[in-house]
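> Mind having a look at this structure? Questions to follow.
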Number of protein chains: 2
Amino acid sequence: MSVLIVGTVAFDTIETPWGRVERVVGGSATYSALAASFLVPVRVAGVVGEDFTDRHFEVFWRRGIETTGVARERGKTFFWAGRYGENPNERETLATELNVFENFTPRLPEDYRDSRHLFLANMAPEIQMSVLDSCVKARFSILDTMDFWIGGSREALEEAVRRVDCVLMNDGEARQFSRASSLAGAAERILGMGPRVVVIKKGEHGAEMFTKKSHSTVPAYPVGRLKDPTGAGDTFAGGLLGYVATAGRIGEGVLRKAMAVGTVLASFCVEEFGTGNFENIVESDIKGRLKYLRMASRVENVALKIRDNISLEDEERVIKTGL
Amino acid sequence: MSVLIVGTVAFDTIETPWGRVERVVGGSATYSALAASFLVPVRVAGVVGEDFTDRHFEVFWRRGIETTGVARERGKTFFWAGRYGENPNERETLATELNVFENFTPRLPEDYRDSRHLFLANMAPEIQMSVLDSCVKARFSILDTMDFWIGGSREALEEAVRRVDCVLMNDGEARQFSRASSLAGAAERILGMGPRVVVIKKGEHGAEMFTKKSHSTVPAYPVGRLKDPTGAGDTFAGGLLGYVATAGRIGEGVLRKAMAVGTVLASFCVEEFGTGNFENIVESDIKGRLKYLRMASRVENVALKIRDNISLEDEERVIKTGL
């Protein structure tokens with residue numbers, strides 16, 4: 001029941017009001033693989049350059065993550081630089097250098113192809129579909145995307161969306177892709193295209209999940225010291241997929257729990273720069289935060305007596321007049 | 001166990017992408033009183049001008065709301081005009097004419113003064129304190145405010161905050177008032193000043209409640225057709241206070257339920273322009289939405305087995321190299 005994650009392995013330079021790090025290991029595949037590794041064995045496919053050494057691969061290996069599907073090519077590793085302000089939901093991209101990722105075509109090792117659970121992180125929809133072509137035994141696939149593909153490759157993206165089980169977007173992307181103004185409306189349109197689950201990430205406002213029959217919400221875990229939001233969405237996705245992979249049947253109950261697990265793992269991610277905090281996560285912390293979420297979001301059964309037919313009589317209709 | 005609400009009674013001209021209404025009855029006291037009236041008897045104190053006729057007062061009287069404390073003065077009624085874009089959390093104020101509200105001093109009728117539950121809607125903190133002075137039997141008081149008072153009357157506002165049981169602000173106001181960057185940090189500082197409850201409104205992202213010992217969240221109810229967000233926050237406050245007033249002891253459980261009731265009433269408010277939808281609310285609708293919220297926000301107990309000590313052996317540390 002190992003999961004397959006395909007996406008970027010990158011070097012990131014990140015600036016936030018709480019500090020700055022240079023060329024740390026990042027990328028969508030990295031964050032999501034680390035998160036999923038707390039739940040199931042993980043395989044990663046991607047590409048790095050000559051500057052990505054065995055020392056950098058240790059980030060994966062220490063968490064038991066298989067990297068046979070990560071090719072090391074001539075050239076430089078994908079590089080991203082960004083800056084966050086006080087509002088963690090808004091970021092400014094300072095540099096995106098695709099480098100070896102520009103010509104990335106995943107050549108999946110033979111033993112990757114029986115993967116049942118897939119995360120197709122944000123990348124060209126054509127690449128996402130090539131992974132779907134290779135993994136014929138997949139029973140749950142999650143697709144992430146971004147404004148760049150929604151604007152520039154809509155047709156291919158729509159085709160990819162039709163082929164996956166779960167679409168993951170942030171709220172702005174969901175509105176842009178669906179051309180609906182409300183999140184519920186956006187989810188309805190995307191569900192109409194084929195996926196059975198739509199998960200909408202709202203950063204510090206948590207996440208919402210829609211299926212044809214249900215809607216659920218999970219709040220973000222309130223971190224005490226947010227340092228670096230980079231990778232939170234991918235960590236959420238990896239945790240979600242990892243939990244789904246541990247379950248037998250994938251019903252609404254499993255998906256709800258998976259949302260909570262993803263939320264909690266993301267809360268650890270943002271407490272340190274880069275992937276730094278994944279080293280510190282222990283079982284009791286995860287369980288503690290899951291319990292916190294359960295308590296904080298509980299809405300109890302309210303017994304109400306609604307007052308009706310309560311119009312005032314004429315003599316009670318009093319206005320004090322200063323006229 | 002009737003509640004007392006002190007705030008503005010106004011005429012509003014509202015423009016949203018879904019339509020426009022002119023000079024409809026609005027104001028913080030109006031929305032919050034209508035909401036509370038579904039739960040408990042309500043008394044309102046405020047001021048209107050000569051242009052506010054008995055026909056306009058019908059909005060209150062039809063819901064059994066006592067208006068002895070609303071003075072009709074020479075001059076014009078408070079007027080507000082605003083425009084909303086696609087994002088319901090952002091609005092542009094086109095006009096604010098205080099008119100008779102400029103010299104408002106609440107002169108509470110004698111029989112108002114035994115009120116146990118108070119909502120001090122957004123207005124000058126000095127006026128809010130004068131109401132607290134008059135109502136010596138109050139056992140639960142909620143204070144709302146806005147950036148104008150936080151910036152211009154901080155000292156008086158801090159004094160008022162120290163005297164109430166519950167502070168209600170939106171997320172931006174809470175950050176501005178507390179000078180903390182996270183909501184949890186903001187709530188902690190405000191709780192440190194005296195109130196035992198801080199409720200932070202986040203519009204379409206729901207609300208959060210903090211006490212010294214607890215934190216709870218409630219998502220917004222996902223309305224199908226949002227038409228006009230005006231009054232949603234005050235409706236939430238009125239529903240919250242109304243529910244609290246029906247309860248005996250005011251503990252965390254009661255406050256959580258009160259948040260859910262406020263949320264549901266606010267969801268009806270935004271489905272029509274102005275106060276139009278309050279005419280249509282029936283008990284079964286309220287109960288249906290409360291049930292929906294309970295289901296949507298449920299986070300189940302997750303049984304997890306966390307994988308640890310899973311570092312790969314040397315021979316498994318494979319990188320396919322294209323070099």
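Lettering and numbering for the structure tokens are positional, with chains as A, B, ... in the shown order, residues counted from 1 in each chain, and ligands counted from 1 in the shown order.
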Could you give me, as a list in words, the residues within 8 Å of region 19-24 of chain B, counting only C-alpha atoms and dropping anything in the same chain fewer than 5 positions from it?
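Contacts, in chain order: Phe11, Asp12, Thr13, Ile14, Phe79, Lys227, Phe273 and Gly274 of chain B.
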> List as a tab-separated table every residue of chain B that is in contact with chain A, defined as an atom at most 7 Å from one of its atoms (using only C-alpha atoms), together with the nearest atom pair and the distance in Å rounded to one decimal, sorted by chain and then rising number.

residue	atom	partner	partner_atom	distance
B:Phe38	CA	A:Arg307	CA	4.9
B:Leu39	CA	A:Ile306	CA	5.6
B:Trp61	CA	A:Leu312	CA	5.3
B:Arg62	CA	A:Ser311	CA	4.2
B:Arg63	CA	A:Ser311	CA	5.2
B:Gly64	CA	A:Ser311	CA	4.4
B:Thr67	CA	A:Ile319	CA	6.1
B:Thr68	CA	A:Val318	CA	5.1
B:Gly69	CA	A:Lys320	CA	6.8
B:Val70	CA	A:Ile319	CA	6.1
B:Ala71	CA	A:Lys320	CA	4.9
B:Arg72	CA	A:Thr321	CA	4.6
B:Glu73	CA	A:Gly322	CA	4.8
B:Arg74	CA	A:Leu323	CA	5.5
B:Ala184	CA	A:Pro222	CA	6.9
B:His205	CA	A:His205	CA	6.3
B:His215	CA	A:Ala296	CA	5.8
B:Ser216	CA	A:Ala296	CA	4.1
B:Thr217	CA	A:Ser297	CA	5.2
B:Val218	CA	A:Ser297	CA	6.3
B:Pro222	CA	A:Ala184	CA	6.9
B:Arg256	CA	A:Val299	CA	6.8
B:Lys257	CA	A:Val302	CA	6.1
B:Ala260	CA	A:Val299	CA	6.9
B:Glu283	CA	A:Ile306	CA	5.8
B:Arg294	CA	A:Val299	CA	4.9
B:Ala296	CA	A:Ser216	CA	4.1
B:Ser297	CA	A:Thr217	CA	5.2
B:Arg298	CA	A:Arg298	CA	6.0
B:Val299	CA	A:Arg294	CA	4.9
B:Glu300	CA	A:Lys257	CA	6.2
B:Val302	CA	A:Lys257	CA	6.1
B:Lys305	CA	A:Leu39	CA	6.9
B:Ile306	CA	A:Phe38	CA	5.4
B:Arg307	CA	A:Phe38	CA	4.9
B:Asp308	CA	A:Phe38	CA	7.0
B:Ile310	CA	A:Gly64	CA	4.8
B:Ser311	CA	A:Arg62	CA	4.2
B:Leu312	CA	A:Gly64	CA	4.7
B:Arg317	CA	A:Trp61	CA	6.7
B:Val318	CA	A:Thr68	CA	5.1
B:Ile319	CA	A:Thr68	CA	5.1
B:Lys320	CA	A:Ala71	CA	4.8
B:Thr321	CA	A:Arg72	CA	4.6
B:Gly322	CA	A:Glu73	CA	4.8
B:Leu323	CA	A:Glu73	CA	5.4
> What does the structure give for the distance between CA of Ala45 (chain B) and CA of Pro106 (chain B), in Å to one decimal?
6.6 Å
> Find, counting only C-alpha atoms, the residue in A:Ala232, A:Ala247, A:Ala156, A:Leu118 that gets nearest to Ser267 (chain A).
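Between A:Ala232, A:Ala247, A:Ala156, A:Leu118, the residue approaching Ser267 (chain A) most closely is A:Ala232.
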> Within 8 Å of region 158-170 of chain B, counting only C-alpha atoms, which residues qualify if same-chain residues fewer than 5 places away don't, as a count of residues only?
23
> Rounded to one decimal in Å, what is the spacing between CA of Val44 (chain B) and CA of Arg113 (chain B)?
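Computed distance, CA of Val44 (chain B) to CA of Arg113 (chain B), equals 11.8 Å.
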> Considering only strand (DSSP E) as DSSP defines it on the backbone, what residues of region 172-246 of chain A qualify? List them as a list in words.
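Taking region 172-246 of chain A and keeping strand (DSSP E) only, one gets Val197, Val198, Val199, Ile200, Lys201, Ala207, Glu208, Met209, Phe210, His215, Ser216, Thr217 and Val218 of chain A.
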> Using DSSP on the backbone coordinates, identify the residues of region 146-191 of chain A assigned to helix (DSSP H, G or I); present them as a VMD selection string.
chain A and resid 147 to 152 154 to 163 171 to 178 183 to 191
> Those same residues, written as a compact mmCIF listing (two decimals), in the first residue's frame with N, CA and C atoms?

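For reference, part27.txt as written:
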# COMPACT_ATOMS: atom_id res chain seq x y z
N ASP A 147 -2.67 28.45 -10.89
CA ASP A 147 -3.19 29.40 -11.87
C ASP A 147 -2.50 29.31 -13.23
N PHE A 148 -1.18 29.05 -13.23
CA PHE A 148 -0.43 28.99 -14.48
C PHE A 148 -1.04 27.99 -15.46
N TRP A 149 -1.41 26.80 -14.97
CA TRP A 149 -1.98 25.78 -15.85
C TRP A 149 -3.45 26.05 -16.14
N ILE A 150 -4.15 26.63 -15.17
CA ILE A 150 -5.56 26.95 -15.39
C ILE A 150 -5.68 27.97 -16.51
N GLY A 151 -4.78 28.95 -16.51
CA GLY A 151 -4.82 29.97 -17.54
C GLY A 151 -4.25 29.48 -18.87
N GLY A 152 -3.15 28.72 -18.80
CA GLY A 152 -2.41 28.42 -20.02
C GLY A 152 -2.65 27.05 -20.64
N ARG A 154 -5.73 25.04 -20.15
CA ARG A 154 -7.04 24.66 -19.63
C ARG A 154 -7.55 23.32 -20.19
N GLU A 155 -7.40 23.14 -21.50
CA GLU A 155 -7.96 21.93 -22.09
C GLU A 155 -7.31 20.67 -21.53
N ALA A 156 -5.99 20.67 -21.50
CA ALA A 156 -5.28 19.51 -20.97
C ALA A 156 -5.62 19.32 -19.49
N LEU A 157 -5.72 20.44 -18.77
CA LEU A 157 -6.02 20.34 -17.34
C LEU A 157 -7.42 19.74 -17.14
N GLU A 158 -8.37 20.16 -17.96
CA GLU A 158 -9.71 19.61 -17.82
C GLU A 158 -9.71 18.10 -18.09
N GLU A 159 -8.91 17.69 -19.05
CA GLU A 159 -8.82 16.26 -19.36
C GLU A 159 -8.22 15.51 -18.17
N ALA A 160 -7.18 16.08 -17.58
CA ALA A 160 -6.56 15.44 -16.42
C ALA A 160 -7.53 15.37 -15.25
N VAL A 161 -8.25 16.47 -15.02
CA VAL A 161 -9.21 16.52 -13.92
C VAL A 161 -10.26 15.42 -14.07
N ARG A 162 -10.72 15.21 -15.31
CA ARG A 162 -11.73 14.17 -15.54
C ARG A 162 -11.23 12.78 -15.16
N ARG A 163 -9.89 12.61 -15.14
CA ARG A 163 -9.35 11.27 -14.95
C ARG A 163 -8.96 10.95 -13.51
N ASP A 171 -8.57 28.15 -2.73
CA ASP A 171 -9.86 28.75 -3.03
C ASP A 171 -9.83 29.62 -4.29
N GLY A 172 -8.75 30.39 -4.46
CA GLY A 172 -8.66 31.23 -5.66
C GLY A 172 -8.60 30.39 -6.93
N GLU A 173 -7.83 29.32 -6.89
CA GLU A 173 -7.71 28.46 -8.06
C GLU A 173 -9.03 27.77 -8.39
N ALA A 174 -9.74 27.34 -7.36
CA ALA A 174 -11.02 26.66 -7.59
C ALA A 174 -12.01 27.61 -8.26
N ARG A 175 -12.02 28.87 -7.82
CA ARG A 175 -12.91 29.86 -8.44
C ARG A 175 -12.48 30.12 -9.88
N GLN A 176 -11.16 30.26 -10.10
CA GLN A 176 -10.66 30.56 -11.44
C GLN A 176 -10.95 29.39 -12.40
N PHE A 177 -10.69 28.19 -11.94
CA PHE A 177 -10.86 27.01 -12.80
C PHE A 177 -12.33 26.78 -13.14
N SER A 178 -13.21 26.91 -12.14
CA SER A 178 -14.63 26.58 -12.33
C SER A 178 -15.43 27.76 -12.86
N LEU A 183 -17.44 28.81 -3.23
CA LEU A 183 -16.68 27.57 -3.18
C LEU A 183 -17.58 26.37 -3.44
N ALA A 184 -18.82 26.44 -2.90
CA ALA A 184 -19.75 25.33 -3.12
C ALA A 184 -20.07 25.21 -4.61
N GLY A 185 -20.25 26.35 -5.27
CA GLY A 185 -20.52 26.34 -6.70
C GLY A 185 -19.33 25.80 -7.48
N ALA A 186 -18.13 26.22 -7.08
CA ALA A 186 -16.91 25.75 -7.75
C ALA A 186 -16.79 24.23 -7.61
N ALA A 187 -17.02 23.75 -6.40
CA ALA A 187 -16.90 22.30 -6.15
C ALA A 187 -17.92 21.53 -6.98
N GLU A 188 -19.12 22.06 -7.06
CA GLU A 188 -20.18 21.37 -7.81
C GLU A 188 -19.78 21.21 -9.28
N ARG A 189 -19.21 22.28 -9.85
CA ARG A 189 -18.82 22.20 -11.26
C ARG A 189 -17.68 21.21 -11.47
N ILE A 190 -16.73 21.21 -10.54
CA ILE A 190 -15.59 20.29 -10.70
C ILE A 190 -16.05 18.85 -10.52
N LEU A 191 -16.92 18.62 -9.53
CA LEU A 191 -17.46 17.27 -9.32
C LEU A 191 -18.22 16.81 -10.58
> Please report the interatomic distance between CA of Tyr112 (chain B) and CA of Thr96 (chain B) in Å with one decimal.
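Separating CA of Tyr112 (chain B) from CA of Thr96 (chain B) is a distance of 28.9 Å.
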> Set the distance at 9 Å and use only C-alpha atoms: which residues neighbour Gly238 (chain B) once local chain neighbours fewer than 3 positions away are removed? I'd like the list as a PDB file with C-alpha atoms, in the first residue's frame.

ATOM      1  CA  ILE B   5     -29.411  45.941  22.279  1.00  0.00           C
ATOM      2  CA  ALA B  29     -29.210  47.373  16.398  1.00  0.00           C
ATOM      3  CA  TYR B  31     -29.946  43.291  12.517  1.00  0.00           C
ATOM      4  CA  SER B  32     -28.913  42.087  15.962  1.00  0.00           C
ATOM      5  CA  ALA B  33     -32.374  42.685  17.444  1.00  0.00           C
ATOM      6  CA  LEU B  34     -34.113  40.797  14.631  1.00  0.00           C
ATOM      7  CA  ALA B  35     -31.762  37.860  15.121  1.00  0.00           C
ATOM      8  CA  ALA B  36     -32.144  37.757  18.913  1.00  0.00           C
ATOM      9  CA  SER B  37     -35.924  38.009  18.583  1.00  0.00           C
ATOM     10  CA  PHE B 119     -25.198  43.840  23.140  1.00  0.00           C
ATOM     11  CA  GLY B 233     -21.838  40.258  11.806  1.00  0.00           C
ATOM     12  CA  ASP B 234     -24.587  41.944  13.810  1.00  0.00           C
ATOM     13  CA  THR B 235     -26.997  39.122  13.057  1.00  0.00           C
ATOM     14  CA  LEU B 241     -26.553  36.777  22.674  1.00  0.00           C
ATOM     15  CA  GLY B 242     -30.126  35.538  22.243  1.00  0.00           C
ATOM     16  CA  TYR B 243     -29.059  31.932  22.711  1.00  0.00           C
ATOM     17  CA  GLY B 262     -25.456  33.069  15.384  1.00  0.00           C
ATOM     18  CA  LEU B 265     -29.050  33.199  11.535  1.00  0.00           C
TER      19      LEU B 265
END
